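*Asks:* The following block contains the structure, expressed as structure tokens.
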Amino acid sequence: MSRLHERHLAVSPDWLALYYRNPLELTHGRGRHVWDADGNRYLDFFGGILTTMTAHALPEVTQAVTEQAGRIIHSSTLYLNRPMVELAERIAVLSGIPEARVFFTTSGTEANDTALLLATAYRRSNQILAMRNSYHGRSFSTVSITGNQAWSPTSLSPLQTLYVHGGVRGRGPYAELSDERFIEACVADLEDLLGHSRRPAALIAEPVQGVGGFTSPPDGLFAAFREVLDRHGVLWISDEVQTGWGRTGDHFWGWQAHAENGPPDILTFAKGIGNGMSVGGVVARAEVMNCLDANSISTFGGSPVTMAASLANLAYLLEHDLQGNARRVGGLLIERLRSVAARFPAVREVRGRGLMIGVELVRPGTEEADPGAATAVLEAAREGGLLIGKGGGHSTSVLRIAPPLTLTVAEAEEGAAILADALHAAG
Ligand code: PMP
């Protein structure tokens, strides 16, 4: 055990999980690579989830941060600052929400918490619809809308949450249905739930479940839901914390794969926008955003240094069409991983959209999830110089791949080869 790890254990809660038997201490990064304290270099296939959306040490972001830090570092939503207003203007347009209003927070959890505050106030109801297997954060309110119990440590929440089918097919009766039948079944489930509920404020959903193991519902599911929700006056909150900013390749936001009946009422974002800086936010149409009788609800949201970083990052990703890169390189990576998977019976499925890719592991010849194998592959990949993540439903048996969006074809090929070796070593 490293001396740093010992010191960490002495001051941190027991439940603070660290990846790896021998935890990583990162010292620096560049592009799609990071280095640890022993000087080992790793190809980073998980930076995207851990907020480095574009690239490590992106010069444009570093410059924006240092210039802004040299001018003023402060945090108060009582005063204006130019980068905050400029970023809000850009996000309002990009969101696709008419008459959009934007409020910045410091994390995805806080963004979802704010979305709940808005929806419950707007509808004067504490009932929320969420998806089975979902993840929305671990604050007091967000654990209670997180359907994935493995990631929801405790909840004595005053919210009343009802869970809806649709985010994941699982192994049960939904597994074999065609996309069309699956949507029909989920809509019927929603209708049934609404028939027996009080007056839910909102449905909150991730367009692609992140922590849940990168599972996508068929395109159009949320459009079909929207039609039902509208009839009942229930708001739709799209949690774009992982799917925003082009990561899914085909769309800038995940909700756009479900756009027939219009945009969500509320959209939340976080993680990648600051390329590692702590930024999140909520976008809602004016009528919903303005329903609160409040005078701000945060001190740190919109602080100028994080806003300057986010503006520079957003400009870079739009100028360099990183959504297109996610589609192209992500498509190629999925293809490579599928041909690797064909050699390993432990891989049940390679799935994903753009640069959001899940590799689900089972005990060979069965449908039984294998979290032990996922941990073994994670460790072996690290030995080979590749960082990946893990997640999944009730057992953590899905390898998660979400590299920075500037990933090159050569790096995708290299990562797939290291993962093949890791599957071999772990098997
Ligand atoms: N929503 C989703 C979909 C997430 O994946 C996460 C983080 N994994 C959150 C919300 C919470 O974000 P944060 O960790 O920034 O609070």
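Convention: chains lettered A, B, ... in structure tokens order; per-chain residue numbering from 1; ligands numbered from 1 as shown.
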Could you list, with a cut-off of 10 Å and counting only C-alpha atoms and all ligand atoms, the residues of chain A near ligand 1, each shown with its nearest atom pair and the distance in Å rounded to one decimal, rows sorted by chain and ascending number, as a tab-separated table?
*Replies:*
residue	atom	partner	partner_atom_place_in_ligand_line	distance
A:Ile49	CA	ligand 1	8 (N)	7.2
A:Leu50	CA	ligand 1	8 (N)	8.1
A:Thr51	CA	ligand 1	15 (O)	8.5
A:Thr105	CA	ligand 1	15 (O)	9.6
A:Thr106	CA	ligand 1	15 (O)	7.4
A:Ser107	CA	ligand 1	15 (O)	3.8
A:Gly108	CA	ligand 1	12 (O)	3.4
A:Thr109	CA	ligand 1	16 (O)	3.6
A:Glu110	CA	ligand 1	16 (O)	6.3
A:Ala111	CA	ligand 1	16 (O)	7.8
A:Asn112	CA	ligand 1	10 (C)	6.8
A:Asp113	CA	ligand 1	10 (C)	9.5
A:Ser134	CA	ligand 1	3 (C)	7.7
A:Tyr135	CA	ligand 1	3 (C)	5.6
A:His136	CA	ligand 1	1 (N)	3.8
A:Gly137	CA	ligand 1	11 (C)	4.0
A:Arg138	CA	ligand 1	11 (C)	7.1
A:Ser139	CA	ligand 1	16 (O)	8.1
A:Thr142	CA	ligand 1	10 (C)	8.3
A:Thr146	CA	ligand 1	1 (N)	9.2
A:Trp151	CA	ligand 1	8 (N)	9.9
A:Ala205	CA	ligand 1	3 (C)	8.2
A:Glu206	CA	ligand 1	3 (C)	5.7
A:Pro207	CA	ligand 1	3 (C)	8.7
A:Val208	CA	ligand 1	3 (C)	8.3
A:Gln209	CA	ligand 1	3 (C)	6.7
A:Gly210	CA	ligand 1	5 (O)	5.3
A:Val211	CA	ligand 1	5 (O)	5.7
A:Gly212	CA	ligand 1	5 (O)	8.7
A:Ser238	CA	ligand 1	3 (C)	9.2
A:Asp239	CA	ligand 1	3 (C)	5.7
A:Glu240	CA	ligand 1	3 (C)	6.4
A:Val241	CA	ligand 1	3 (C)	4.8
A:Gln242	CA	ligand 1	5 (O)	5.4
A:Thr243	CA	ligand 1	3 (C)	7.8
A:Gly244	CA	ligand 1	3 (C)	9.8
A:Thr268	CA	ligand 1	1 (N)	8.2
A:Phe269	CA	ligand 1	1 (N)	7.9
A:Ala270	CA	ligand 1	15 (O)	5.9
A:Lys271	CA	ligand 1	15 (O)	5.7
A:Gly272	CA	ligand 1	15 (O)	9.4
A:Ser278	CA	ligand 1	15 (O)	7.7
A:Val279	CA	ligand 1	15 (O)	7.9
A:Gly280	CA	ligand 1	15 (O)	7.1
*Asks:* With N, CA and C atoms retained, write the just-selected residues as a CSV table (one decimal), in the first residue's frame.
*Replies:*
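Result written to part18.csv:
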chain,number,residue,atom,x,y,z
A,49,ILE,N,-16.0,10.1,-18.7
A,49,ILE,CA,-17.0,9.9,-17.6
A,49,ILE,C,-16.5,10.7,-16.4
A,50,LEU,N,-15.2,10.7,-16.3
A,50,LEU,CA,-14.6,11.5,-15.1
A,50,LEU,C,-14.3,12.9,-15.5
A,51,THR,N,-15.1,13.4,-16.5
A,51,THR,CA,-15.2,14.8,-16.8
A,51,THR,C,-14.2,15.4,-17.8
A,105,THR,N,-24.8,25.2,-11.8
A,105,THR,CA,-24.5,24.5,-10.5
A,105,THR,C,-23.0,24.1,-10.6
A,106,THR,N,-22.6,23.3,-9.6
A,106,THR,CA,-21.3,22.8,-9.5
A,106,THR,C,-21.1,21.3,-9.8
A,107,SER,N,-22.3,20.6,-9.9
A,107,SER,CA,-22.2,19.2,-10.2
A,107,SER,C,-23.5,18.7,-10.8
A,108,GLY,N,-23.5,17.5,-11.3
A,108,GLY,CA,-24.6,16.9,-11.9
A,108,GLY,C,-25.7,16.6,-10.8
A,109,THR,N,-25.3,16.2,-9.6
A,109,THR,CA,-26.2,16.0,-8.6
A,109,THR,C,-27.0,17.2,-8.2
A,110,GLU,N,-26.2,18.3,-8.1
A,110,GLU,CA,-26.9,19.6,-7.8
A,110,GLU,C,-27.8,20.1,-8.9
A,111,ALA,N,-27.4,19.8,-10.1
A,111,ALA,CA,-28.3,20.1,-11.3
A,111,ALA,C,-29.6,19.3,-11.2
A,112,ASN,N,-29.5,18.0,-10.9
A,112,ASN,CA,-30.7,17.2,-10.8
A,112,ASN,C,-31.6,17.6,-9.6
A,113,ASP,N,-30.9,18.0,-8.5
A,113,ASP,CA,-31.6,18.5,-7.3
A,113,ASP,C,-32.4,19.7,-7.7
A,134,SER,N,-31.8,3.4,-13.0
A,134,SER,CA,-31.2,4.8,-13.3
A,134,SER,C,-30.2,5.2,-12.3
A,135,TYR,N,-29.5,6.2,-12.6
A,135,TYR,CA,-28.6,6.9,-11.6
A,135,TYR,C,-28.6,8.4,-11.8
A,136,HIS,N,-28.9,9.1,-10.8
A,136,HIS,CA,-28.9,10.6,-10.9
A,136,HIS,C,-28.1,11.3,-9.9
A,137,GLY,N,-27.3,10.6,-9.1
A,137,GLY,CA,-26.5,11.3,-8.1
A,137,GLY,C,-26.8,10.7,-6.7
A,138,ARG,N,-26.0,11.2,-5.7
A,138,ARG,CA,-26.1,10.6,-4.4
A,138,ARG,C,-26.3,11.6,-3.3
A,139,SER,N,-27.0,12.7,-3.6
A,139,SER,CA,-27.5,13.6,-2.5
A,139,SER,C,-28.8,13.0,-1.9
A,142,THR,N,-31.4,13.0,-4.7
A,142,THR,CA,-31.1,12.2,-5.9
A,142,THR,C,-31.0,10.7,-5.7
A,146,THR,N,-32.9,7.4,-7.8
A,146,THR,CA,-31.9,6.5,-8.4
A,146,THR,C,-32.4,5.0,-8.3
A,151,TRP,N,-26.2,1.6,-6.3
A,151,TRP,CA,-25.6,2.9,-6.3
A,151,TRP,C,-26.5,3.9,-5.4
A,205,ALA,N,-35.2,11.0,-16.6
A,205,ALA,CA,-34.5,9.8,-17.3
A,205,ALA,C,-33.2,10.2,-18.0
A,206,GLU,N,-32.3,9.3,-18.0
A,206,GLU,CA,-31.1,9.4,-18.8
A,206,GLU,C,-31.4,8.8,-20.2
A,207,PRO,N,-31.1,9.5,-21.2
A,207,PRO,CA,-31.3,9.0,-22.6
A,207,PRO,C,-30.5,7.7,-22.8
A,208,VAL,N,-29.3,7.6,-22.3
A,208,VAL,CA,-28.6,6.4,-22.3
A,208,VAL,C,-28.2,6.2,-20.8
A,209,GLN,N,-28.5,5.1,-20.2
A,209,GLN,CA,-28.1,4.9,-18.8
A,209,GLN,C,-26.6,4.7,-18.7
A,210,GLY,N,-26.0,5.6,-17.9
A,210,GLY,CA,-24.6,5.6,-17.7
A,210,GLY,C,-24.1,4.6,-16.7
A,211,VAL,N,-24.2,5.0,-15.4
A,211,VAL,CA,-23.8,4.1,-14.4
A,211,VAL,C,-24.5,2.7,-14.6
A,212,GLY,N,-25.7,2.7,-15.1
A,212,GLY,CA,-26.4,1.4,-15.3
A,212,GLY,C,-25.8,0.5,-16.4
A,238,SER,N,-34.7,15.6,-18.8
A,238,SER,CA,-33.7,14.7,-19.5
A,238,SER,C,-32.4,14.9,-18.8
A,239,ASP,N,-31.8,13.9,-18.1
A,239,ASP,CA,-30.5,14.0,-17.4
A,239,ASP,C,-29.5,13.7,-18.5
A,240,GLU,N,-28.8,14.8,-18.9
A,240,GLU,CA,-27.8,14.7,-20.0
A,240,GLU,C,-26.4,14.8,-19.4
A,241,VAL,N,-26.2,14.4,-18.1
A,241,VAL,CA,-24.9,14.5,-17.5
A,241,VAL,C,-23.9,13.7,-18.2
A,242,GLN,N,-24.3,12.6,-18.7
A,242,GLN,CA,-23.3,11.7,-19.5
A,242,GLN,C,-23.5,11.9,-21.0
A,243,THR,N,-24.7,12.1,-21.4
A,243,THR,CA,-25.0,12.0,-22.8
A,243,THR,C,-24.9,13.4,-23.6
A,244,GLY,N,-24.7,14.4,-22.8
A,244,GLY,CA,-24.6,15.8,-23.5
A,244,GLY,C,-23.4,16.0,-24.3
A,268,THR,N,-30.7,18.6,-17.7
A,268,THR,CA,-29.6,18.9,-16.8
A,268,THR,C,-28.3,18.4,-17.4
A,269,PHE,N,-27.2,19.1,-17.1
A,269,PHE,CA,-25.9,18.7,-17.7
A,269,PHE,C,-24.8,18.9,-16.6
A,270,ALA,N,-23.7,18.3,-16.8
A,270,ALA,CA,-22.5,18.5,-15.9
A,270,ALA,C,-21.3,17.8,-16.6
A,271,LYS,N,-20.5,17.2,-15.7
A,271,LYS,CA,-19.3,16.4,-16.1
A,271,LYS,C,-18.5,17.2,-17.2
A,272,GLY,N,-18.6,16.8,-18.5
A,272,GLY,CA,-17.6,17.2,-19.5
A,272,GLY,C,-17.6,18.6,-19.8
A,278,SER,N,-15.4,21.9,-12.2
A,278,SER,CA,-16.7,21.5,-11.6
A,278,SER,C,-17.8,22.4,-12.1
A,279,VAL,N,-18.5,22.0,-13.1
A,279,VAL,CA,-19.6,22.7,-13.7
A,279,VAL,C,-20.8,21.8,-14.0
A,280,GLY,N,-21.9,22.3,-13.6
A,280,GLY,CA,-23.2,21.6,-14.0
A,280,GLY,C,-24.2,22.7,-14.3
*Asks:* Name the residues of range 196-314 of chain A that come out as strand (DSSP E) in a backbone DSSP run; write them as an MDAnalysis selection string.
*Replies:* chainID A and resid 202:205 235:239 266:269 280:285
*Asks:* State, in Å with one decimal place, the distance from CA of Ile91 in chain A to CA of Ala309 in chain A.
*Replies:*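 Pair CA of Ile91 in chain A / CA of Ala309 in chain A returns 14.2 Å.
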*Asks:* In Å, with one decimal, what is the gap from CA of Glu180 in chain A to CA of Gly262 in chain A?
*Replies:*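 CA of Glu180 in chain A sits 19.8 Å away from CA of Gly262 in chain A.
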*Asks:* Excluding Phe46 in chain A and residues on its chain fewer than 6 positions from it, collect all residues at most 6 Å away from it, counting only C-alpha atoms, and give them as a list of chain:residue names.
*Replies:*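 Near Phe46 in chain A, the qualifying residues are A:Ile388, A:Gly389, A:Ile401, A:Ala402, A:Pro403.
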*Asks:* Can you list every residue of range 224-260 of chain A that has an atom at most 10 Å from range 120-125 of chain A, with its nearest atom pair and the distance in Å to one decimal, using only C-alpha atoms, ordered by chain then number, as JSON lines?
*Replies:*
{"residue": "A:Gly233", "atom": "CA", "partner": "A:Arg123", "partner_atom": "CA", "distance": 8.5}
{"residue": "A:Val234", "atom": "CA", "partner": "A:Arg123", "partner_atom": "CA", "distance": 8.0}
{"residue": "A:Leu235", "atom": "CA", "partner": "A:Arg123", "partner_atom": "CA", "distance": 8.5}
*Asks:* Identify, on the basis of only C-alpha atoms, every residue whose closest approach to Ala412 in chain A does not exceed 8 Å; exclude the query and any residue fewer than 5 positions from it along the same chain; express the result as a ChimeraX atom specification.
*Replies:* /A:329,332-333,407
*Asks:* For the residues in that selection, give me C-alpha atoms as a CSV table (one decimal), in the first residue's frame.
*Replies:*
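Everything below was put into result13.csv:
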chain,number,residue,atom,x,y,z
A,329,VAL,CA,-14.2,6.8,-34.0
A,332,LEU,CA,-15.0,2.0,-35.4
A,333,LEU,CA,-14.2,1.2,-31.7
A,407,LEU,CA,-9.8,10.1,-29.4
*Asks:* Tell me which of A:Gly358, A:Pro217, A:Pro404, A:Gly246 sits closest to Gly324 in chain A, counting only C-alpha atoms.
*Replies:*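 Residue with the minimum atom-to-atom distance to Gly324 in chain A: A:Gly246.
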*Asks:* Please give the complete set of residues from range 208-392 of chain A that DSSP, run on the backbone, assigns to helix (DSSP H, G or I), formatted as a PyMOL selection string.
*Replies:* chain A and resi 221-232+254-258+271-274+286-289+304-319+322-341+371-383
*Asks:* Taking only C-alpha atoms into account, name the residue in A:Thr27, A:Leu43, A:Ala369, A:Ser95 that is nearest to Glu383 in chain A.
*Replies:*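 Among the listed residues, the smallest separation from Glu383 in chain A belongs to A:Leu43.
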*Asks:* I'd like the neighbourhood of range 73-85 of chain A as a ChimeraX atom specification, where a residue qualifies if any of its atoms comes within 8 Å (using only C-alpha atoms), though same-chain residues fewer than 6 positions away should be ignored.
*Replies:* /A:296,298-305,307-308,311
*Asks:* Please measure the separation of CA of Arg348 in chain A and CA of Asn133 in chain A, giving the value in Å to one decimal.
*Replies:*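 Rounded to one decimal, the two atoms are 18.6 Å apart.
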*Asks:* Quick one: residues within 9 Å of range 143-145 of chain A, only C-alpha atoms counted, chain neighbours fewer than 2 positions away excluded, as a list in words?
*Replies:* Ile128, Leu129, Ala130, Met131, Ser134, Tyr135, His136, Gly137, Arg138, Ser139, Phe140, Ser141, Gly147, Gln149, Trp151, Ser152, Pro153, Thr154, Ser155, Leu156, Ser157, Pro158, Leu159, Gln160, Thr161, Leu162, Tyr163 and Ile204 of chain A
*Asks:* Would you save the residues from that selection as an mmCIF file, in the first residue's frame, using C-alpha atoms?
*Replies:*
data_model
loop_
_atom_site.group_PDB
_atom_site.id
_atom_site.type_symbol
_atom_site.label_atom_id
_atom_site.label_comp_id
_atom_site.auth_asym_id
_atom_site.auth_seq_id
_atom_site.Cartn_x
_atom_site.Cartn_y
_atom_site.Cartn_z
ATOM 1 C CA ILE A 128 -41.553 11.661 -9.255
ATOM 2 C CA LEU A 129 -41.353 9.067 -12.003
ATOM 3 C CA ALA A 130 -37.868 7.664 -12.605
ATOM 4 C CA MET A 131 -36.525 4.782 -14.650
ATOM 5 C CA SER A 134 -31.250 4.768 -13.298
ATOM 6 C CA TYR A 135 -28.568 6.887 -11.639
ATOM 7 C CA HIS A 136 -28.950 10.591 -10.907
ATOM 8 C CA GLY A 137 -26.529 11.331 -8.055
ATOM 9 C CA ARG A 138 -26.113 10.616 -4.384
ATOM 10 C CA SER A 139 -27.467 13.617 -2.508
ATOM 11 C CA PHE A 140 -30.477 13.202 -0.241
ATOM 12 C CA SER A 141 -32.928 13.910 -3.066
ATOM 13 C CA GLY A 147 -33.401 3.101 -9.393
ATOM 14 C CA GLN A 149 -30.014 0.147 -5.759
ATOM 15 C CA TRP A 151 -25.613 2.943 -6.269
ATOM 16 C CA SER A 152 -28.250 4.226 -3.901
ATOM 17 C CA PRO A 153 -26.828 3.594 -0.425
ATOM 18 C CA THR A 154 -29.691 4.943 1.661
ATOM 19 C CA SER A 155 -32.851 6.888 1.236
ATOM 20 C CA LEU A 156 -35.360 8.225 3.713
ATOM 21 C CA SER A 157 -36.433 10.815 1.232
ATOM 22 C CA PRO A 158 -39.605 12.868 1.353
ATOM 23 C CA LEU A 159 -39.992 12.345 -2.400
ATOM 24 C CA GLN A 160 -42.276 9.558 -3.525
ATOM 25 C CA THR A 161 -40.746 7.803 -6.498
ATOM 26 C CA LEU A 162 -42.383 5.389 -8.917
ATOM 27 C CA TYR A 163 -40.185 3.451 -11.309
ATOM 28 C CA ILE A 204 -36.595 12.040 -14.997
#
*Asks:* If we count only C-alpha atoms and set the cut-off at 10 Å, which residues sit around Trp245 in chain A, ignoring sequence neighbours fewer than 4 positions away in its own chain? Please answer as a PyMOL selection string.
*Replies:* chain A and resi 53+94-95+240-241+249+251-254+269-270+272-273+314+317-318+322-323+405
*Asks:* From the list A:Gly195, A:Leu9, A:Gly213, A:Tyr316, which residue is nearest Leu58 in chain A when using only C-alpha atoms?
*Replies:*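 Among the listed residues, A:Tyr316 lies closest to Leu58 in chain A.
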